[in-house]
>>> print(open('coords.pdb').read())   # PDB, C-alpha atoms
ATOM      1  CA  MET H   1       0.466  25.229   2.307
ATOM      2  CA  TYR H   2       0.346  22.888   5.287
ATOM      3  CA  ARG H   3      -2.604  21.237   7.004
ATOM      4  CA  VAL H   4      -1.767  20.241  10.588
ATOM      5  CA  PHE H   5      -3.713  17.598  12.540
ATOM      6  CA  VAL H   6      -3.249  17.108  16.280
ATOM      7  CA  SER H   7      -4.457  13.594  17.028
ATOM      8  CA  MET H   8      -3.829  13.378  20.788
ATOM      9  CA  PRO H   9      -4.591  16.286  23.113
ATOM     10  CA  GLU H  10      -2.275  15.132  25.900
ATOM     11  CA  HIS H  11       1.517  15.218  25.698
ATOM     12  CA  HIS H  12       3.179  11.931  24.877
ATOM     13  CA  GLU H  13       6.907  11.563  24.431
ATOM     14  CA  ALA H  14       7.796  11.191  20.768
ATOM     15  CA  LEU H  15       9.509   7.962  19.744
ATOM     16  CA  CYS H  16       9.879   8.172  15.951
ATOM     17  CA  GLY H  17       8.622   9.824  12.780
ATOM     18  CA  GLY H  18       7.002   8.492   9.632
ATOM     19  CA  ILE H  19       6.545  10.150   6.247
ATOM     20  CA  ASP H  20       3.968   8.918   3.738
ATOM     21  CA  LEU H  21       5.188  10.220   0.382
ATOM     22  CA  GLY H  22       2.595  10.082  -2.374
ATOM     23  CA  GLY H  23       2.251  11.437  -5.866
ATOM     24  CA  THR H  24      -0.046  14.248  -4.695
ATOM     25  CA  LYS H  25       0.621  14.710  -0.963
ATOM     26  CA  ILE H  26       3.255  14.270   1.721
ATOM     27  CA  GLU H  27       2.048  13.422   5.222
ATOM     28  CA  ALA H  28       4.562  13.585   8.070
ATOM     29  CA  ALA H  29       3.613  12.275  11.513
ATOM     30  CA  LEU H  30       5.213  12.020  14.932
ATOM     31  CA  PHE H  31       4.483   8.814  16.856
ATOM     32  CA  ASP H  32       4.659   7.962  20.551
ATOM     33  CA  SER H  33       5.878   4.756  22.207
ATOM     34  CA  LEU H  34       2.513   3.088  21.473
ATOM     35  CA  PHE H  35       2.814   4.075  17.801
ATOM     36  CA  GLN H  36      -0.109   6.442  18.080
ATOM     37  CA  PRO H  37       0.188   9.734  16.150
ATOM     38  CA  ILE H  38       0.843  12.779  18.307
ATOM     39  CA  VAL H  39       0.701  15.312  15.489
ATOM     40  CA  ARG H  40       0.794  15.132  11.704
ATOM     41  CA  ARG H  41       0.713  17.535   8.797
ATOM     42  CA  ARG H  42       0.188  17.392   5.064
ATOM     43  CA  MET H  43       1.529  19.335   2.134
ATOM     44  CA  THR H  44       1.314  19.057  -1.640
ATOM     45  CA  THR H  45       4.057  16.922  -3.180
ATOM     46  CA  PRO H  46       6.497  18.951  -5.331
ATOM     47  CA  VAL H  47       6.777  17.174  -8.666
ATOM     48  CA  ASN H  48       8.719  19.654 -10.792
ATOM     49  CA  SER H  49      12.189  18.417  -9.876
ATOM     50  CA  TYR H  50      14.061  15.985  -7.664
ATOM     51  CA  GLU H  51      15.703  18.886  -5.821
ATOM     52  CA  ALA H  52      12.313  20.407  -4.947
ATOM     53  CA  LEU H  53      11.028  17.065  -3.677
ATOM     54  CA  ARG H  54      14.195  16.391  -1.692
ATOM     55  CA  ASP H  55      14.168  19.861  -0.110
ATOM     56  CA  ALA H  56      10.505  19.510   0.886
ATOM     57  CA  LEU H  57      11.315  16.231   2.643
ATOM     58  CA  VAL H  58      14.322  17.829   4.347
ATOM     59  CA  CYS H  59      11.878  20.387   5.787
ATOM     60  CA  GLU H  60       9.566  17.608   7.002
ATOM     61  CA  VAL H  61      12.454  15.784   8.677
ATOM     62  CA  ALA H  62      13.528  19.018  10.394
ATOM     63  CA  TRP H  63       9.950  19.726  11.504
ATOM     64  CA  LEU H  64       9.564  16.291  13.064
ATOM     65  CA  ARG H  65      12.909  16.472  14.870
ATOM     66  CA  ASP H  66      12.340  20.023  16.117
ATOM     67  CA  LEU H  67       8.869  19.115  17.336
ATOM     68  CA  ALA H  68      10.207  16.065  19.185
ATOM     69  CA  ASN H  69      13.291  17.982  20.379
ATOM     70  CA  GLN H  70      15.322  14.980  19.205
ATOM     71  CA  PRO H  71      18.040  15.802  16.625
ATOM     72  CA  GLU H  72      18.535  12.065  15.966
ATOM     73  CA  LEU H  73      14.849  11.151  15.816
ATOM     74  CA  ARG H  74      14.421   7.978  13.784
ATOM     75  CA  ILE H  75      12.439   8.552  10.608
ATOM     76  CA  GLY H  76      11.139   6.262   7.887
ATOM     77  CA  ILE H  77       9.547   7.024   4.515
ATOM     78  CA  GLY H  78       6.978   5.047   2.540
ATOM     79  CA  LEU H  79       6.815   5.861  -1.160
ATOM     80  CA  PRO H  80       5.171   4.532  -4.337
ATOM     81  CA  GLY H  81       7.655   2.465  -6.283
ATOM     82  CA  LEU H  82      10.584   0.259  -5.370
ATOM     83  CA  VAL H  83      13.671   0.973  -3.315
ATOM     84  CA  ASP H  84      16.674  -1.242  -4.042
ATOM     85  CA  PRO H  85      17.659  -2.648  -0.624
ATOM     86  CA  VAL H  86      21.338  -2.753  -1.653
ATOM     87  CA  SER H  87      21.901   0.516  -3.543
ATOM     88  CA  GLY H  88      19.007   2.528  -2.087
ATOM     89  CA  ILE H  89      18.062   3.729  -5.588
ATOM     90  CA  SER H  90      14.352   4.502  -6.057
ATOM     91  CA  VAL H  91      12.381   3.246  -9.044
ATOM     92  CA  THR H  92       9.135   5.189  -9.293
ATOM     93  CA  SER H  93       6.984   6.427 -12.162
ATOM     94  CA  ASN H  94       4.980   9.258 -10.556
ATOM     95  CA  LEU H  95       7.656  11.009  -8.483
ATOM     96  CA  PRO H  96      10.796  12.840  -9.662
ATOM     97  CA  ALA H  97      12.889  10.491  -7.500
ATOM     98  CA  ASN H  98      13.466   7.797 -10.106
ATOM     99  CA  GLY H  99      17.123   6.771 -10.173
ATOM    100  CA  HIS H 100      17.999   8.730  -7.019
ATOM    101  CA  THR H 101      19.123   7.535  -3.587
ATOM    102  CA  LEU H 102      16.435   9.551  -1.837
ATOM    103  CA  ALA H 103      16.791   8.236   1.727
ATOM    104  CA  GLN H 104      20.598   8.454   1.619
ATOM    105  CA  ASP H 105      20.461  12.005   0.257
ATOM    106  CA  LEU H 106      18.072  13.046   3.027
ATOM    107  CA  GLY H 107      20.342  11.490   5.634
ATOM    108  CA  ASP H 108      23.391  13.256   4.197
ATOM    109  CA  ILE H 109      21.654  16.629   4.431
ATOM    110  CA  SER H 110      19.646  16.158   7.641
ATOM    111  CA  GLY H 111      21.984  13.852   9.540
ATOM    112  CA  GLY H 112      21.255  10.417  10.919
ATOM    113  CA  LYS H 113      19.992   7.326   9.120
ATOM    114  CA  ILE H 114      16.717   7.684   7.222
ATOM    115  CA  VAL H 115      15.159   4.564   5.717
ATOM    116  CA  ALA H 116      12.671   4.189   2.862
ATOM    117  CA  ALA H 117      10.522   1.396   1.443
ATOM    118  CA  ASN H 118       7.588   0.879  -0.869
ATOM    119  CA  ASP H 119       4.346   2.214   0.650
ATOM    120  CA  CYS H 120       2.525  -1.103   0.163
ATOM    121  CA  LYS H 121       5.196  -2.712   2.312
ATOM    122  CA  THR H 122       5.010  -0.075   5.040
ATOM    123  CA  PHE H 123       1.222  -0.576   5.017
ATOM    124  CA  ALA H 124       1.735  -4.312   5.587
ATOM    125  CA  LEU H 125       4.222  -3.648   8.382
ATOM    126  CA  SER H 126       1.782  -1.337  10.143
ATOM    127  CA  GLU H 127      -1.148  -3.737   9.925
ATOM    128  CA  ALA H 128       1.041  -6.639  11.123
ATOM    129  CA  ASN H 129       2.082  -4.701  14.237
ATOM    130  CA  GLY H 130      -0.971  -3.712  16.246
ATOM    131  CA  GLY H 131      -3.226  -3.572  13.191
ATOM    132  CA  ALA H 132      -5.762  -5.929  11.660
ATOM    133  CA  GLY H 133      -3.129  -8.669  11.344
ATOM    134  CA  LYS H 134      -1.731  -8.406  14.878
ATOM    135  CA  ASP H 135      -2.831 -11.936  15.880
ATOM    136  CA  HIS H 136      -1.351 -13.564  12.768
ATOM    137  CA  SER H 137       2.170 -14.758  12.012
ATOM    138  CA  ARG H 138       2.218 -14.271   8.231
ATOM    139  CA  VAL H 139       0.452 -11.074   7.182
ATOM    140  CA  PHE H 140       0.082  -9.925   3.588
ATOM    141  CA  GLY H 141      -0.975  -6.325   2.971
ATOM    142  CA  LEU H 142      -2.693  -5.904  -0.413
ATOM    143  CA  ILE H 143      -3.244  -2.349  -1.632
ATOM    144  CA  ILE H 144      -5.769  -1.986  -4.445
ATOM    145  CA  GLY H 145      -5.438   1.684  -5.278
ATOM    146  CA  THR H 146      -4.224   3.585  -8.312
ATOM    147  CA  GLY H 147      -1.834   0.668  -8.741
ATOM    148  CA  LEU H 148      -1.785  -2.827  -7.271
ATOM    149  CA  GLY H 149       0.845  -4.125  -4.873
ATOM    150  CA  GLY H 150       1.536  -5.573  -1.485
ATOM    151  CA  GLY H 151       3.983  -6.605   1.188
ATOM    152  CA  LEU H 152       4.611  -9.600   3.411
ATOM    153  CA  CYS H 153       5.435  -9.620   7.121
ATOM    154  CA  ARG H 154       6.625 -12.684   9.010
ATOM    155  CA  ASP H 155       6.211 -12.427  12.780
ATOM    156  CA  GLY H 156       5.927  -8.653  12.526
ATOM    157  CA  VAL H 157       9.064  -8.165  10.401
ATOM    158  CA  LEU H 158       8.939  -7.045   6.777
ATOM    159  CA  ASP H 159      10.254  -9.550   4.222
ATOM    160  CA  LEU H 160      11.795  -7.589   1.352
ATOM    161  CA  GLY H 161      13.712 -10.321  -0.471
ATOM    162  CA  ALA H 162      16.914  -9.781  -2.430
ATOM    163  CA  ASN H 163      15.507  -6.961  -4.599
ATOM    164  CA  GLY H 164      12.634  -5.597  -2.516
ATOM    165  CA  LEU H 165      10.211  -7.430  -4.797
ATOM    166  CA  VAL H 166       8.277  -9.561  -2.294
ATOM    167  CA  GLY H 167       4.634  -8.549  -2.695
ATOM    168  CA  GLU H 168       4.833  -7.032  -6.192
ATOM    169  CA  VAL H 169       1.759  -9.062  -7.124
ATOM    170  CA  GLY H 170       0.391  -6.461  -9.523
ATOM    171  CA  HIS H 171       2.885  -7.831 -12.028
ATOM    172  CA  TYR H 172       1.859 -11.453 -11.790
ATOM    173  CA  GLY H 173       0.392 -12.582 -15.128
ATOM    174  CA  LEU H 174      -3.397 -12.556 -15.574
ATOM    175  CA  PRO H 175      -5.029 -16.040 -15.547
ATOM    176  CA  ALA H 176      -5.329 -17.348 -19.090
ATOM    177  CA  HIS H 177      -8.718 -19.017 -18.574
ATOM    178  CA  LEU H 178     -10.393 -15.765 -17.437
ATOM    179  CA  VAL H 179      -8.704 -13.724 -20.169
ATOM    180  CA  ALA H 180     -10.144 -16.202 -22.683
ATOM    181  CA  GLU H 181     -13.573 -16.492 -21.038
ATOM    182  CA  PHE H 182     -14.165 -12.736 -21.060
ATOM    183  CA  ASN H 183     -12.149 -11.977 -24.214
ATOM    184  CA  LEU H 184      -9.923  -9.515 -22.380
ATOM    185  CA  PRO H 185      -7.166  -7.782 -24.344
ATOM    186  CA  ILE H 186      -3.516  -8.334 -23.434
ATOM    187  CA  LEU H 187      -2.388  -4.783 -22.720
ATOM    188  CA  ARG H 188       1.023  -3.346 -21.963
ATOM    189  CA  CYS H 189       1.619  -2.522 -18.290
ATOM    190  CA  GLY H 190       3.547   0.461 -16.947
ATOM    191  CA  CYS H 191       6.274  -1.967 -15.850
ATOM    192  CA  GLY H 192       7.051  -2.687 -19.509
ATOM    193  CA  ARG H 193       5.544  -6.185 -19.568
ATOM    194  CA  SER H 194       2.138  -7.190 -20.952
ATOM    195  CA  GLY H 195      -0.802  -8.951 -19.324
ATOM    196  CA  CYS H 196      -0.177  -7.958 -15.675
ATOM    197  CA  TYR H 197      -2.905  -8.102 -13.025
ATOM    198  CA  GLU H 198      -2.485  -4.367 -12.404
ATOM    199  CA  ILE H 199      -3.978  -3.674 -15.841
ATOM    200  CA  PHE H 200      -7.477  -4.751 -14.699
ATOM    201  CA  VAL H 201      -7.483  -5.231 -10.902
ATOM    202  CA  SER H 202      -6.123  -1.849  -9.755
ATOM    203  CA  GLY H 203      -8.241   1.305  -9.350
ATOM    204  CA  ARG H 204      -7.349   2.365 -12.867
ATOM    205  CA  GLY H 205      -7.824  -1.242 -13.911
ATOM    206  CA  ILE H 206     -11.486  -1.548 -12.929
ATOM    207  CA  THR H 207     -12.173   1.595 -14.984
ATOM    208  CA  ARG H 208     -10.367  -0.014 -17.922
ATOM    209  CA  LEU H 209     -12.355  -3.208 -17.366
ATOM    210  CA  ALA H 210     -15.626  -1.259 -17.533
ATOM    211  CA  GLN H 211     -14.465   0.375 -20.754
ATOM    212  CA  GLU H 212     -13.677  -3.013 -22.303
ATOM    213  CA  VAL H 213     -16.769  -4.885 -21.071
ATOM    214  CA  ALA H 214     -19.509  -2.222 -20.963
ATOM    215  CA  ARG H 215     -18.086   0.640 -23.056
ATOM    216  CA  VAL H 216     -18.487   3.152 -20.202
ATOM    217  CA  ASP H 217     -15.925   5.340 -18.442
ATOM    218  CA  LEU H 218     -16.553   5.117 -14.685
ATOM    219  CA  GLY H 219     -14.495   5.069 -11.500
ATOM    220  CA  GLY H 220     -14.416   2.137  -9.112
ATOM    221  CA  ARG H 221     -16.764   3.653  -6.547
ATOM    222  CA  GLU H 222     -19.461   4.418  -9.126
ATOM    223  CA  ILE H 223     -19.065   0.975 -10.708
ATOM    224  CA  SER H 224     -19.580  -0.760  -7.349
ATOM    225  CA  GLN H 225     -22.506   1.517  -6.407
ATOM    226  CA  ARG H 226     -24.277   0.886  -9.717
ATOM    227  CA  ALA H 227     -23.608  -2.846  -9.443
ATOM    228  CA  LEU H 228     -25.011  -3.002  -5.914
ATOM    229  CA  SER H 229     -28.106  -1.107  -7.105
ATOM    230  CA  GLY H 230     -28.705  -3.713  -9.831
ATOM    231  CA  ASP H 231     -27.247  -2.226 -13.031
ATOM    232  CA  PRO H 232     -26.714  -5.436 -15.091
ATOM    233  CA  ASN H 233     -23.690  -4.116 -16.986
ATOM    234  CA  MET H 234     -21.947  -3.043 -13.789
ATOM    235  CA  VAL H 235     -22.937  -6.311 -12.081
ATOM    236  CA  LEU H 236     -21.040  -8.082 -14.861
ATOM    237  CA  VAL H 237     -18.025  -5.748 -14.584
ATOM    238  CA  LEU H 238     -17.852  -6.173 -10.800
ATOM    239  CA  ASP H 239     -18.266  -9.944 -11.110
ATOM    240  CA  ILE H 240     -15.356 -10.192 -13.562
ATOM    241  CA  TRP H 241     -13.262  -7.937 -11.316
ATOM    242  CA  MET H 242     -14.069 -10.091  -8.256
ATOM    243  CA  ARG H 243     -13.153 -13.267 -10.117
ATOM    244  CA  LEU H 244      -9.832 -11.761 -11.189
ATOM    245  CA  ALA H 245      -9.150 -10.532  -7.640
ATOM    246  CA  ALA H 246     -10.013 -13.936  -6.181
ATOM    247  CA  GLU H 247      -7.619 -15.628  -8.612
ATOM    248  CA  LEU H 248      -4.934 -13.148  -7.549
ATOM    249  CA  ILE H 249      -5.490 -14.013  -3.879
ATOM    250  CA  HIS H 250      -5.344 -17.703  -4.771
ATOM    251  CA  THR H 251      -1.993 -17.133  -6.503
ATOM    252  CA  ILE H 252      -0.720 -15.183  -3.478
ATOM    253  CA  GLN H 253      -1.711 -18.135  -1.314
ATOM    254  CA  LEU H 254       0.077 -20.628  -3.563
ATOM    255  CA  HIS H 255       3.186 -18.460  -3.561
ATOM    256  CA  LEU H 256       3.354 -17.075  -0.007
ATOM    257  CA  ASP H 257       0.594 -18.863   1.966
ATOM    258  CA  PRO H 258      -0.227 -16.005   4.387
ATOM    259  CA  ASP H 259      -2.498 -16.426   7.417
ATOM    260  CA  CYS H 260      -4.402 -13.273   6.480
ATOM    261  CA  ILE H 261      -4.625 -10.628   3.786
ATOM    262  CA  VAL H 262      -5.319  -7.053   4.875
ATOM    263  CA  LEU H 263      -6.880  -4.908   2.153
ATOM    264  CA  GLY H 264      -5.960  -1.271   1.580
ATOM    265  CA  GLY H 265      -6.389   1.396  -1.084
ATOM    266  CA  GLY H 266      -9.468   2.989  -2.587
ATOM    267  CA  LEU H 267     -11.104  -0.175  -3.927
ATOM    268  CA  SER H 268     -10.802  -1.853  -0.520
ATOM    269  CA  GLN H 269     -13.698   0.389   0.517
ATOM    270  CA  ILE H 270     -16.176  -1.437  -1.729
ATOM    271  CA  GLU H 271     -19.075  -2.465   0.481
ATOM    272  CA  ASP H 272     -18.814  -6.059   1.788
ATOM    273  CA  LEU H 273     -15.631  -6.635  -0.233
ATOM    274  CA  PRO H 274     -14.074  -9.278   2.096
ATOM    275  CA  GLU H 275     -17.286 -11.305   2.069
ATOM    276  CA  MET H 276     -17.637 -11.115  -1.714
ATOM    277  CA  LEU H 277     -13.996 -12.062  -2.255
ATOM    278  CA  ASN H 278     -14.326 -14.986   0.149
ATOM    279  CA  GLN H 279     -17.295 -16.253  -1.845
ATOM    280  CA  LYS H 280     -15.346 -16.129  -5.122
ATOM    281  CA  LEU H 281     -12.188 -17.499  -3.502
ATOM    282  CA  SER H 282     -14.012 -20.565  -2.166
ATOM    283  CA  LYS H 283     -14.604 -21.655  -5.777
ATOM    284  CA  VAL H 284     -10.931 -21.575  -6.814
ATOM    285  CA  LEU H 285      -9.095 -22.939  -3.754
ATOM    286  CA  LEU H 286      -7.280 -26.234  -3.983
ATOM    287  CA  PRO H 287      -9.076 -29.120  -2.240
ATOM    288  CA  SER H 288      -8.755 -29.213   1.567
ATOM    289  CA  VAL H 289      -6.973 -25.830   1.609
ATOM    290  CA  HIS H 290      -7.982 -23.226   4.188
ATOM    291  CA  ALA H 291      -8.457 -19.723   2.818
ATOM    292  CA  PRO H 292      -6.512 -16.837   4.362
ATOM    293  CA  LYS H 293      -8.639 -14.429   6.359
ATOM    294  CA  ILE H 294      -9.460 -11.327   4.322
ATOM    295  CA  LEU H 295      -9.553  -8.256   6.567
ATOM    296  CA  LYS H 296     -10.151  -4.523   6.420
ATOM    297  CA  PRO H 297      -7.268  -2.397   7.800
ATOM    298  CA  ARG H 298      -7.245  -0.983  11.306
ATOM    299  CA  PHE H 299      -5.274   2.160  10.490
ATOM    300  CA  GLY H 300      -6.641   2.928   7.026
ATOM    301  CA  ASP H 301      -4.957   5.771   5.150
ATOM    302  CA  SER H 302      -2.581   6.391   8.089
ATOM    303  CA  SER H 303      -1.051   2.911   7.892
ATOM    304  CA  GLY H 304       1.651   3.808   5.358
ATOM    305  CA  GLY H 305       3.224   6.542   7.488
ATOM    306  CA  ARG H 306       2.860   4.488  10.664
ATOM    307  CA  GLY H 307       4.559   1.549   8.960
ATOM    308  CA  ALA H 308       7.381   3.814   7.788
ATOM    309  CA  ALA H 309       7.991   4.819  11.425
ATOM    310  CA  LEU H 310       7.974   1.151  12.443
ATOM    311  CA  LEU H 311      10.453   0.407   9.661
ATOM    312  CA  ALA H 312      12.824   3.048  11.038
ATOM    313  CA  MET H 313      12.648   1.475  14.502
ATOM    314  CA  GLN H 314      13.209  -2.059  13.221
ATOM    315  CA  HIS H 315      16.086  -0.904  11.027
ATOM    316  CA  HIS H 316      17.867   0.314  14.150
ATOM    317  CA  GLY H 317      17.213  -2.952  15.951
ATOM    318  CA  ASP H 318      14.633  -1.533  18.345
ATOM    319  CA  GLU H 319      12.084  -3.918  19.755
ATOM    320  CA  ILE H 320       8.479  -3.193  18.803
ATOM    321  CA  GLN H 321       5.972  -3.764  21.582
TER     322      GLN H 321
END
>>> encode(input="coords.pdb", output="structure tokens")
Amino acid sequence: MYRVFVSMPEHHEALCGGIDLGGTKIEAALFDSLFQPIVRRRMTTPVNSYEALRDALVCEVAWLRDLANQPELRIGIGLPGLVDPVSGISVTSNLPANGHTLAQDLGDISGGKIVAANDCKTFALSEANGGAGKDHSRVFGLIIGTGLGGGLCRDGVLDLGANGLVGEVGHYGLPAHLVAEFNLPILRCGCGRSGCYEIFVSGRGITRLAQEVARVDLGGREISQRALSGDPNMVLVLDIWMRLAAELIHTIQLHLDPDCIVLGGGLSQIEDLPEMLNQKLSKVLLPSVHAPKILKPRFGDSSGGRGAALLAMQHHGDEIQ
């Protein structure tokens, strides 16, 4: 079952395609020369086998190229997990693509070069090029969703590093002084290590934090709503979460020193989040250090697919306006 969205009523020549591959949905979009979506469609992600997932993406690639009437249309994919920049092998926990060279396999079947990267990194690339970070040289995109991760762009170009690990901040270690102050347990992370930020700062993490601190099982939106309405237990949970998030941003600054941090993911929609994080961050910054600007995204949920299209263009050496 497909849901098709036509975003622009007038005809614009297609330039490239982007596919946002998630654990529950695939969104494919065709972009014009201004990187505005011409048309996009969604389908449920097949999760029963790698072959089913691959074949669904082959169909999306064919749809984009047929729609654009460009057999060599450049296409990029953003996906949850890591993509080894040397081997192209995907490492992902919630898709049946783990251990497979997904982009290479798609290119072999569909023809042409198809590129893939982590969706947090394609989000950062989108927001650095015409998005919330367009006036900044060093842009960090921080997605606080089901998991916790990010990406860094320098002058509009994605910095992947030797292993594609730049921005994997969800697996920084939690700050010892806050773990001790709030008597937080050291839990095992999905990455195999223990004590990672993702355990408490992600969307799942704030629920886990509420379970540990207040013995309730609530999602992030309800926690923030109850806190903002004055529930003392949820005020405490949100305060601890904000302090952890502020320490994470401080660590990102010490490590990468970005000009701005653009927030994405479900928890980024907490009311007045940038202002609250700035308040907490001001208490942990080193003396005489200027805080990075904390911004809401311009392209929201569409940024991942848009960034994937940008990645395809940059991979081929095309200049981005």
>>> resolve_selection(input="coords.pdb", expression="the PyMOL selection byres ((chain H and resi 249-255) around 8)", output="list in words")
Val169, Ala245, Ala246, Glu247, Leu248, Leu256, Asp257, Pro258, Leu281, Val284, Leu285 and Pro292 of chain H
>>> write_last_selection(input="coords.pdb", atoms="C-alpha atoms", output="JSON list (two decimals), in the coordinates of the input")
[["chain", "number", "residue", "atom", "x", "y", "z"],
["H", 169, "VAL", "CA", 1.76, -9.06, -7.12],
["H", 245, "ALA", "CA", -9.15, -10.53, -7.64],
["H", 246, "ALA", "CA", -10.01, -13.94, -6.18],
["H", 247, "GLU", "CA", -7.62, -15.63, -8.61],
["H", 248, "LEU", "CA", -4.93, -13.15, -7.55],
["H", 256, "LEU", "CA", 3.35, -17.08, -0.01],
["H", 257, "ASP", "CA", 0.59, -18.86, 1.97],
["H", 258, "PRO", "CA", -0.23, -16.00, 4.39],
["H", 281, "LEU", "CA", -12.19, -17.50, -3.50],
["H", 284, "VAL", "CA", -10.93, -21.58, -6.81],
["H", 285, "LEU", "CA", -9.10, -22.94, -3.75],
["H", 292, "PRO", "CA", -6.51, -16.84, 4.36]]
>>> resolve_selection(input="coords.pdb", expression="the PyMOL selection byres ((chain H and resi 220-231) around 7)", output="list in words")
Gly203, Ile206, Thr207, Leu218, Gly219, Pro232, Asn233, Met234, Val235, Leu238, Leu267 and Ile270 of chain H
>>> resolve_selection(input="coords.pdb", expression="the PyMOL selection byres ((chain H and resi 200) around 12)", output="PyMOL selection string")
chain H and resi 144-148+170-175+178-179+184-189+194-199+201-213+220+237-238+240-245+248
>>> write_last_selection(input="coords.pdb", atoms="C-alpha atoms", output="PDB file, in the coordinates of the input")
ATOM      1  CA  ILE H 144      -5.769  -1.986  -4.445  1.00  0.00           C
ATOM      2  CA  GLY H 145      -5.438   1.684  -5.278  1.00  0.00           C
ATOM      3  CA  THR H 146      -4.224   3.585  -8.312  1.00  0.00           C
ATOM      4  CA  GLY H 147      -1.834   0.668  -8.741  1.00  0.00           C
ATOM      5  CA  LEU H 148      -1.785  -2.827  -7.271  1.00  0.00           C
ATOM      6  CA  GLY H 170       0.391  -6.461  -9.523  1.00  0.00           C
ATOM      7  CA  HIS H 171       2.885  -7.831 -12.028  1.00  0.00           C
ATOM      8  CA  TYR H 172       1.859 -11.453 -11.790  1.00  0.00           C
ATOM      9  CA  GLY H 173       0.392 -12.582 -15.128  1.00  0.00           C
ATOM     10  CA  LEU H 174      -3.397 -12.556 -15.574  1.00  0.00           C
ATOM     11  CA  PRO H 175      -5.029 -16.040 -15.547  1.00  0.00           C
ATOM     12  CA  LEU H 178     -10.393 -15.765 -17.437  1.00  0.00           C
ATOM     13  CA  VAL H 179      -8.704 -13.724 -20.169  1.00  0.00           C
ATOM     14  CA  LEU H 184      -9.923  -9.515 -22.380  1.00  0.00           C
ATOM     15  CA  PRO H 185      -7.166  -7.782 -24.344  1.00  0.00           C
ATOM     16  CA  ILE H 186      -3.516  -8.334 -23.434  1.00  0.00           C
ATOM     17  CA  LEU H 187      -2.388  -4.783 -22.720  1.00  0.00           C
ATOM     18  CA  ARG H 188       1.023  -3.346 -21.963  1.00  0.00           C
ATOM     19  CA  CYS H 189       1.619  -2.522 -18.290  1.00  0.00           C
ATOM     20  CA  SER H 194       2.138  -7.190 -20.952  1.00  0.00           C
ATOM     21  CA  GLY H 195      -0.802  -8.951 -19.324  1.00  0.00           C
ATOM     22  CA  CYS H 196      -0.177  -7.958 -15.675  1.00  0.00           C
ATOM     23  CA  TYR H 197      -2.905  -8.102 -13.025  1.00  0.00           C
ATOM     24  CA  GLU H 198      -2.485  -4.367 -12.404  1.00  0.00           C
ATOM     25  CA  ILE H 199      -3.978  -3.674 -15.841  1.00  0.00           C
ATOM     26  CA  VAL H 201      -7.483  -5.231 -10.902  1.00  0.00           C
ATOM     27  CA  SER H 202      -6.123  -1.849  -9.755  1.00  0.00           C
ATOM     28  CA  GLY H 203      -8.241   1.305  -9.350  1.00  0.00           C
ATOM     29  CA  ARG H 204      -7.349   2.365 -12.867  1.00  0.00           C
ATOM     30  CA  GLY H 205      -7.824  -1.242 -13.911  1.00  0.00           C
ATOM     31  CA  ILE H 206     -11.486  -1.548 -12.929  1.00  0.00           C
ATOM     32  CA  THR H 207     -12.173   1.595 -14.984  1.00  0.00           C
ATOM     33  CA  ARG H 208     -10.367  -0.014 -17.922  1.00  0.00           C
ATOM     34  CA  LEU H 209     -12.355  -3.208 -17.366  1.00  0.00           C
ATOM     35  CA  ALA H 210     -15.626  -1.259 -17.533  1.00  0.00           C
ATOM     36  CA  GLN H 211     -14.465   0.375 -20.754  1.00  0.00           C
ATOM     37  CA  GLU H 212     -13.677  -3.013 -22.303  1.00  0.00           C
ATOM     38  CA  VAL H 213     -16.769  -4.885 -21.071  1.00  0.00           C
ATOM     39  CA  GLY H 220     -14.416   2.137  -9.112  1.00  0.00           C
ATOM     40  CA  VAL H 237     -18.025  -5.748 -14.584  1.00  0.00           C
ATOM     41  CA  LEU H 238     -17.852  -6.173 -10.800  1.00  0.00           C
ATOM     42  CA  ILE H 240     -15.356 -10.192 -13.562  1.00  0.00           C
ATOM     43  CA  TRP H 241     -13.262  -7.937 -11.316  1.00  0.00           C
ATOM     44  CA  MET H 242     -14.069 -10.091  -8.256  1.00  0.00           C
ATOM     45  CA  ARG H 243     -13.153 -13.267 -10.117  1.00  0.00           C
ATOM     46  CA  LEU H 244      -9.832 -11.761 -11.189  1.00  0.00           C
ATOM     47  CA  ALA H 245      -9.150 -10.532  -7.640  1.00  0.00           C
ATOM     48  CA  LEU H 248      -4.934 -13.148  -7.549  1.00  0.00           C
TER      49      LEU H 248
END
>>> atom_distance(input="coords.pdb", atom1="atom CA of Leu30 of chain H", atom2="atom CA of Ala309 of chain H")
8.5 Å
>>> closest_residue(input="coords.pdb", among="H:Ala62, H:Val139, H:Ile75, H:Ile109", to="Gly18 of chain H", atoms="all atoms listed in the file")
H:Ile75
>>> atom_distance(input="coords.pdb", atom1="atom CA of His136 of chain H", atom2="atom CA of Pro297 of chain H")
13.6 Å
